[in-house]
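Working notes, beginning with the structure itself.
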Amino acid sequence: MKSGPGAVLDYALTFDISEWLRDQVLNHEYAFERNILLLGLPLKGGFERAEDLTAFLKLIFDKYPMPIGFKLFKKYGSIDDIPFLRFQLDQVDKKLAKEISKLISAIEARKRKPTFP
């Protein structure tokens, strides 16, 4: 229930919330209800290219190493992001390392460059 307002902000028509959105996930303590805000980053985060988004995802990776962030990496990540993800394999527990390995495989298997909204 706490994620409801975040989901509305992610998908509803809003004014420019890019600065606020990035600030919420980068500069505030981790909170479960902020996870959903990650889904709004591609459209409302103010990023011009997929590379800008994945650079931001790397900044917040330690705080939000979870499926929502992995979903964004899977969709917008590139071969250039794989060294970062491989490094993370040694920094996390086995369960999370398994998910990161799947993510790396998905990026490697992609046939074309990701398109950005």
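By convention in this document, the chains of the structure tokens carry letters A, B, ... by their order, each chain's residues are numbered from 1, and ligands are numbered from 1 in the order they are shown.
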
Within 12 Å of Leu57 (chain A) using only C-alpha atoms, minus same-chain residues under 2 positions, as a PyMOL selection string: chain A and resi 22+25-26+38-39+41-42+45+47+50-55+59-66+68-74+76-77+81+84-85

Which of chain A end up as helix (DSSP H, G or I) when DSSP is run on this backbone - answer as number ranges by chain? A: 4-11, 18-26, 32-44, 50-60, 67-76, 79-89, 94-109

For Glu108 (chain A), please output as a VMD selection string all residues within 9 Å (counting only C-alpha atoms; exclusion window: fewer than 3 positions along the same chain). chain A and resid 78 to 79 82 103 to 105 111

Take the residues just selected and output them with all heavy atoms as a tab-separated table (two decimals), in the first residue's frame.
chain	number	residue	atom	x	y	z
A	78	SER	N	23.74	-2.32	-21.35
A	78	SER	CA	24.49	-2.72	-22.55
A	78	SER	C	25.72	-3.52	-22.14
A	78	SER	O	26.00	-3.69	-20.95
A	78	SER	CB	24.92	-1.48	-23.34
A	78	SER	OG	25.93	-0.78	-22.63
A	79	ILE	N	26.43	-3.97	-23.13
A	79	ILE	CA	27.67	-4.72	-22.89
A	79	ILE	C	28.62	-3.90	-22.02
A	79	ILE	O	29.37	-4.47	-21.22
A	79	ILE	CB	28.33	-5.09	-24.26
A	79	ILE	CG1	27.42	-5.99	-25.07
A	79	ILE	CG2	29.70	-5.70	-24.07
A	79	ILE	CD1	27.17	-7.35	-24.48
A	82	ILE	N	28.39	-4.61	-18.24
A	82	ILE	CA	28.71	-5.95	-17.72
A	82	ILE	C	29.89	-5.96	-16.75
A	82	ILE	O	29.83	-6.63	-15.72
A	82	ILE	CB	28.87	-6.95	-18.87
A	82	ILE	CG1	27.48	-7.18	-19.49
A	82	ILE	CG2	29.48	-8.26	-18.40
A	82	ILE	CD1	27.44	-8.08	-20.68
A	103	LEU	N	21.02	-11.63	-15.13
A	103	LEU	CA	20.95	-10.32	-15.76
A	103	LEU	C	22.07	-10.15	-16.79
A	103	LEU	O	21.84	-9.71	-17.92
A	103	LEU	CB	21.03	-9.24	-14.70
A	103	LEU	CG	21.08	-7.79	-15.14
A	103	LEU	CD1	19.88	-7.43	-15.98
A	103	LEU	CD2	21.17	-6.89	-13.92
A	104	ILE	N	23.28	-10.54	-16.42
A	104	ILE	CA	24.42	-10.47	-17.34
A	104	ILE	C	24.15	-11.32	-18.57
A	104	ILE	O	24.38	-10.88	-19.70
A	104	ILE	CB	25.71	-10.90	-16.63
A	104	ILE	CG1	26.11	-9.86	-15.58
A	104	ILE	CG2	26.85	-11.12	-17.63
A	104	ILE	CD1	27.22	-10.30	-14.65
A	105	SER	N	23.64	-12.52	-18.37
A	105	SER	CA	23.33	-13.40	-19.51
A	105	SER	C	22.29	-12.79	-20.43
A	105	SER	O	22.39	-12.88	-21.65
A	105	SER	CB	22.84	-14.76	-19.01
A	105	SER	OG	23.86	-15.41	-18.30
A	111	LYS	N	20.22	-9.11	-28.96
A	111	LYS	CA	20.70	-9.00	-30.33
A	111	LYS	C	20.87	-7.54	-30.79
A	111	LYS	O	21.65	-7.26	-31.65
A	111	LYS	CB	19.72	-9.69	-31.29
A	111	LYS	CG	19.52	-11.15	-30.99
A	111	LYS	CD	20.60	-11.98	-31.67
A	111	LYS	CE	20.28	-13.44	-31.53
A	111	LYS	NZ	21.22	-14.18	-30.78
